[in-house]
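Reading through the structure tokens given below for one structure.
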Number of protein chains: 2
Amino acid sequence: MAASRVRTPVCVLGLGLIGGSVLRAAAAADRVAFGYNRSADGVNAAIADGFDATTDLESALIRAAQTGALIVIAVPVPALAMLLGHIARLAPECPLTDVTSVKGAVLEQVTAAGLRARFVGGHPMAGTAHSGWPAGHADLFRGAPWVISVDEHVDPMVFAAVLDLILDCGSVAVPACSDEHDAAAAAISHLPHLLAEALAVTAADVPLAFALAAGSFRDGTRVAGTAPELVRAMCEANAPQLLPSLERSIKLLTAARDSLTAANSVAELVNHGHAARTRYDNFPRSEIVTVVIGERDWRRDLAAAGRAGGVIRSALPVRDSR
Amino acid sequence: MAASRVRTPVCVLGLGLIGGSVLRAAAAADRVAFGYNRSADGVNAAIADGFDATTDLESALIRAAQTGALIVIAVPVPALAMLLGHIARLAPECPLTDVTSVKGAVLEQVTAAGLRARFVGGHPMAGTAHSGWPAGHADLFRGAPWVISVDEHVDPMVFAAVLDLILDCGSVAVPACSDEHDAAAAAISHLPHLLAEALAVTAADVPLAFALAAGSFRDGTRVAGTAPELVRAMCEANAPQLLPSLERSIKLLTAARDSLTAANSVAELVNHGHAARTRYDNFPRSEIVTVVIGERDWRRDLAAAGRAGGVIRSALPVRDSR
């Protein structure tokens with residue numbers, strides 16, 4: 001199956017932890033892979049490690065256009081608009097993906113830049129506490145879920161090209177609509193950050209708390225150690241999806257407080273929480289094998305399969321329906 | 001120093017995970033150690049492992065009274081009142097401690113049973129996900145903090161006897177008043193449980209959330225896997241101390257919601273949370289070596305030292321001030 005894949009070249013824009021790891025993984029999979037980074041430090045480090053990198057965005061995009069490369073946007077969200085303008089000018093026909101953790105906001109900007117038709121968003125669920133080119137490695141994504149967008153506009157051939165890159169990186173692909181991805185990320189990633197911050201602040205004001213704190217407090221506040229600007233960036237960029245989950249948690253905790261006050265009971269919250277965690281532990285994982293990319297309802301079928309725990313572990317057949 | 005300690009015999013009431021481990025650790029430290037358990041299963045398992053155990057509470061208490069044993073209460077809170085009645089009748093002069101996670105409620109019951117003068121509460125901060133005699137082992141407490149009460153009523157000689165047992169178990173002793181212990185436990189243990197339950201319930205209702213959930217969600221909901229009756233027991237027994245921490249967390253999250261809605265910012269919560277977690281990471285630990293048990297203000301001095309991160313790692317000198 002792998003031998004029949006189109007070996008699309010890969011052009012990575014932004015060579016930090018994620019982008020730098022994509023560049024390495026693509027090269028390790030015998031792709032032509034080249035990258036751009038704004039700072040010379042990252043580029044020099046990449047070149048020293050034997051990779052093809054430049055600080056010249058224009059030349060990178062011209063090369064991408066000439067070779068029909070898949071462009072991977074791996075810059076922080078604030079740099080996105082500028083980058084999209086250059087892509088629209090120099091490489092508007094290239095298949096395009098990204099590795100940003102918030103999908104709706106990126107899709108909006110891509111649409112505004114007139115690049116939506118060739119864009120399929122992505123989000124590898126991998127990372128470390130470190131950042132920058134030196135922190136990356138070719139195996140960063142191995143075995144990790146990597147969300148691939150199946151929004152209504154998604155083109156089958158671009159989808160297949162992005163899927164091939166994800167599989168080349170050793171990841172399993174989870175198909176999802178952008179808004180559902182963002183709602184899920186709010187509940188499983190952004191909300192936990194806010195709860196951890198609230199726990200840390202609450203305990204800090206209780207004498208003796210830090211003196212006794214051990215396992216469950218350390219685990220429960222671990223993500224409060226993340227740099228504040230990173231936590232703010234992801235929570236604030238995903239505010240529309242984060243607010244309902246935050247609201248729901250506040251309601252659950254308020255109901256528990258009322259019940260503890262009035263009836264000395266936290267039974268409802270605790271029983272539901274345990275049941276939910278048990279459901280998570282038993283959540284079924286399955287492999288998606290029957291969908292043909294480009295056939296009728298393929299995007300809807302993939303979204304439903306992803307929601308039910310399905311992942312793509314090897315290339316799916318493609319019928320170009322354009 | 002160890003050679004000069006009084007080798008008080010130890011009578012452990014309740015041979016579950018904690019009590020069973022205390023019995024093993026005391027025996028391993030060459031103490032005379034014997035135990036009582038209500039169910040024959042636990043007793044038979046302990047005897048099969050070579051320990052001195054019985055289902056006959058009366059005989060265990062008579063033996064404790066005859067040998068001046070330190071009695072360690074290691075039964076669940078609901079069984080406490082019955083047990084205290086028997087102790088008051090058969091072994092009222094024995095030094096007495098407990099290993100329960102809520103100290104104020106236990107002290108109340110001990111006081112009601114007329115046993116306060118010989119009681120010094122304790123709480124080893126150790127445990128596993130498993131329970132019962134087979135789950136225990138002699139090294140369960142090694143290196144773990146073990147809170148020892150320094151309430152106003154605490155007798156120097158009983159305190160010294162309990163401290164010796166804690167050190168024999170390989171723990172470091174953290175001196176604390178019962179109410180401060182309970183407030184700290186609420187903030188670092190009981191509140192994290194409720195936050196984890198709320199997170200699990202919130203995510204369970206978001207399609208795709210479980211499909212994408214990984215590291216931070218798994219860590220953030222780990223304690224939601226604890227048996228609901230255990231979580232309820234500890235939260236509900238500590239309601240007076242838990243409510244202020246729960247209230248504070250709700251206020252922090254509500255303020256973050258309002259700020260995210262009105263100004264698309266979670267800066268205040270995130271900055272404070274990160275600062276608090278950083279303070280925790282840098283919380284100073286020190287060894288308490290200068291306090292003489294029984295000297296003027298010794299309880300107050302120990303409570304202050306514990307609050308500041310001090311722990312007792314080896315026996316302190318004792319002056320019997322009675």
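Scheme for the structure tokens: letters A, B, ... for chains in order shown; per-chain residue numbers from 1; ligand numbers from 1 in order shown.
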
Long-range neighbours of Ala305 in chain B as an MDAnalysis selection string, 12 Å cut-off, only C-alpha atoms, 3 positions minimum in chain
(chainID A and resid 207:208 211) or (chainID B and resid 150 173:177 284:291 298:302 308:312)

Next, write the just-selected residues to a file, as a PDB file, in the first residue's frame, keeping C-alpha atoms as the atom set.
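Generated output (again_14.pdb):
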ATOM      1  CA  PRO A 207      -1.689  27.380  55.281  1.00  0.00           C
ATOM      2  CA  LEU A 208      -0.031  23.963  55.405  1.00  0.00           C
ATOM      3  CA  ALA A 211       3.620  21.393  53.118  1.00  0.00           C
TER       4      ALA A 211
ATOM      5  CA  VAL B 150      -0.097  19.108  67.852  1.00  0.00           C
ATOM      6  CA  ALA B 173       6.548  13.442  60.531  1.00  0.00           C
ATOM      7  CA  VAL B 174       4.758  16.700  59.716  1.00  0.00           C
ATOM      8  CA  PRO B 175       3.410  18.378  62.866  1.00  0.00           C
ATOM      9  CA  ALA B 176       0.022  20.070  62.362  1.00  0.00           C
ATOM     10  CA  CYS B 177      -3.104  21.118  64.226  1.00  0.00           C
ATOM     11  CA  PRO B 284      11.217  24.997  51.008  1.00  0.00           C
ATOM     12  CA  ARG B 285      11.533  21.752  52.960  1.00  0.00           C
ATOM     13  CA  SER B 286      13.568  21.704  56.124  1.00  0.00           C
ATOM     14  CA  GLU B 287      14.221  19.425  59.072  1.00  0.00           C
ATOM     15  CA  ILE B 288      12.896  20.320  62.504  1.00  0.00           C
ATOM     16  CA  VAL B 289      15.681  19.734  65.020  1.00  0.00           C
ATOM     17  CA  THR B 290      15.525  22.458  67.656  1.00  0.00           C
ATOM     18  CA  VAL B 291      12.180  21.822  69.370  1.00  0.00           C
ATOM     19  CA  TRP B 298       6.441  23.279  71.953  1.00  0.00           C
ATOM     20  CA  ARG B 299       3.117  22.489  70.245  1.00  0.00           C
ATOM     21  CA  ARG B 300       2.805  25.999  68.821  1.00  0.00           C
ATOM     22  CA  ASP B 301       6.418  25.939  67.665  1.00  0.00           C
ATOM     23  CA  LEU B 302       5.942  22.574  65.965  1.00  0.00           C
ATOM     24  CA  ALA B 308       6.665  26.452  56.972  1.00  0.00           C
ATOM     25  CA  GLY B 309       7.621  23.114  55.426  1.00  0.00           C
ATOM     26  CA  GLY B 310       9.433  21.559  58.373  1.00  0.00           C
ATOM     27  CA  VAL B 311       9.460  17.800  58.923  1.00  0.00           C
ATOM     28  CA  ILE B 312      10.779  15.591  61.707  1.00  0.00           C
TER      29      ILE B 312
END

What are the residues of chain A that have an atom within 7 Å of an atom of chain B, counting only C-alpha atoms, as a PyMOL selection string?
chain A and resi 180+184+187-189+192+195+197-204+206-211+213+216-217+219-221+224-225+228+232+236+239+243+245-246+248-250+252-254+257+260+264-267+269-274+276-278+280+307+309

Considering only alpha helix (DSSP H) as DSSP defines it on the backbone, what residues of range 63-154 of chain A qualify? List them as an mmCIF file with C-alpha atoms, in the first residue's frame.
data_model
loop_
_atom_site.group_PDB
_atom_site.id
_atom_site.type_symbol
_atom_site.label_atom_id
_atom_site.label_comp_id
_atom_site.auth_asym_id
_atom_site.auth_seq_id
_atom_site.Cartn_x
_atom_site.Cartn_y
_atom_site.Cartn_z
ATOM 1 C CA ARG A 63 9.974 25.941 -4.792
ATOM 2 C CA ALA A 64 6.790 24.514 -3.255
ATOM 3 C CA ALA A 65 4.726 25.806 -6.188
ATOM 4 C CA GLN A 66 7.189 24.399 -8.710
ATOM 5 C CA THR A 67 7.257 20.932 -7.129
ATOM 6 C CA LEU A 80 -0.616 33.043 10.365
ATOM 7 C CA ALA A 81 -2.181 35.960 8.485
ATOM 8 C CA MET A 82 1.115 37.213 7.116
ATOM 9 C CA LEU A 83 2.104 33.726 6.018
ATOM 10 C CA LEU A 84 -1.228 33.043 4.304
ATOM 11 C CA GLY A 85 -0.846 36.232 2.265
ATOM 12 C CA HIS A 86 2.471 35.020 0.898
ATOM 13 C CA ILE A 87 1.100 31.541 0.155
ATOM 14 C CA ALA A 88 -1.885 33.012 -1.711
ATOM 15 C CA ARG A 89 0.475 35.090 -3.809
ATOM 16 C CA LEU A 90 3.214 32.542 -4.534
ATOM 17 C CA LYS A 103 -9.006 24.453 13.968
ATOM 18 C CA GLY A 104 -11.985 26.821 13.567
ATOM 19 C CA ALA A 105 -9.958 30.025 13.891
ATOM 20 C CA VAL A 106 -7.360 28.770 11.401
ATOM 21 C CA LEU A 107 -10.037 27.752 8.899
ATOM 22 C CA GLU A 108 -11.507 31.256 9.106
ATOM 23 C CA GLN A 109 -8.195 32.873 8.279
ATOM 24 C CA VAL A 110 -7.476 30.379 5.496
ATOM 25 C CA THR A 111 -10.894 31.138 4.028
ATOM 26 C CA ALA A 112 -10.282 34.881 4.280
#

Give me, as a list in words, all polymer residues having an atom no more than 8 Å from Leu165 in chain B, counting only C-alpha atoms and skipping those fewer than 4 positions away in the same chain.
Ala26, Ala161 and Cys169 of chain B

Can you list, as a VMD selection string, every protein, DNA or RNA residue that comes within 8 Å of Phe51 in chain B when you count only C-alpha atoms, leaving out same-chain residues fewer than 3 positions away?
chain B and resid 24 34 46 to 48

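Proximity ranking of B:Ala27, B:Ile62, B:Val318, B:Ala74 relative to Asp155 in chain B places B:Val318 first, based on only C-alpha atoms.
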
Which of range 57-101 of chain B DSSP labels strand (DSSP E), written as a VMD selection string
chain B and resid 70 to 73 96 to 98

Can you spit out the residues from that selection as a tab-separated table (two decimals), in the first residue's frame, using C-alpha atoms?
chain	number	residue	atom	x	y	z
B	70	LEU	CA	0.34	2.17	71.67
B	71	ILE	CA	-3.08	1.57	70.13
B	72	VAL	CA	-3.38	2.48	66.43
B	73	ILE	CA	-6.94	2.94	65.20
B	96	LEU	CA	-3.76	6.19	71.33
B	97	THR	CA	-3.39	7.32	67.73
B	98	ASP	CA	-5.19	6.86	64.45

Mind checking which residues fall within 6 Å of range 39-43 of chain A, counting only C-alpha atoms, ignoring those fewer than 6 positions away in the same chain, and posting them as number ranges by chain?
A: 53-54, 133

Atoms to include: N, CA and C atoms. Write the selected residues as a PDB file, in the first residue's frame.
ATOM      1  N   ALA A  53      16.841  23.782   4.800  1.00  0.00           N
ATOM      2  CA  ALA A  53      16.056  24.843   5.428  1.00  0.00           C
ATOM      3  C   ALA A  53      16.560  26.209   5.017  1.00  0.00           C
ATOM      4  N   THR A  54      15.687  27.195   5.095  1.00  0.00           N
ATOM      5  CA  THR A  54      16.024  28.546   4.660  1.00  0.00           C
ATOM      6  C   THR A  54      15.254  29.588   5.473  1.00  0.00           C
ATOM      7  N   TRP A 133      13.519  24.054  17.473  1.00  0.00           N
ATOM      8  CA  TRP A 133      14.085  22.977  16.643  1.00  0.00           C
ATOM      9  C   TRP A 133      14.797  21.897  17.462  1.00  0.00           C
TER      10      TRP A 133
END

Rank B:Ala160, B:Val172, B:Leu57, B:Ala262 by their smallest atom-to-atom distance to Gly35 in chain B, using only C-alpha atoms, and report the top residue only.
B:Leu57
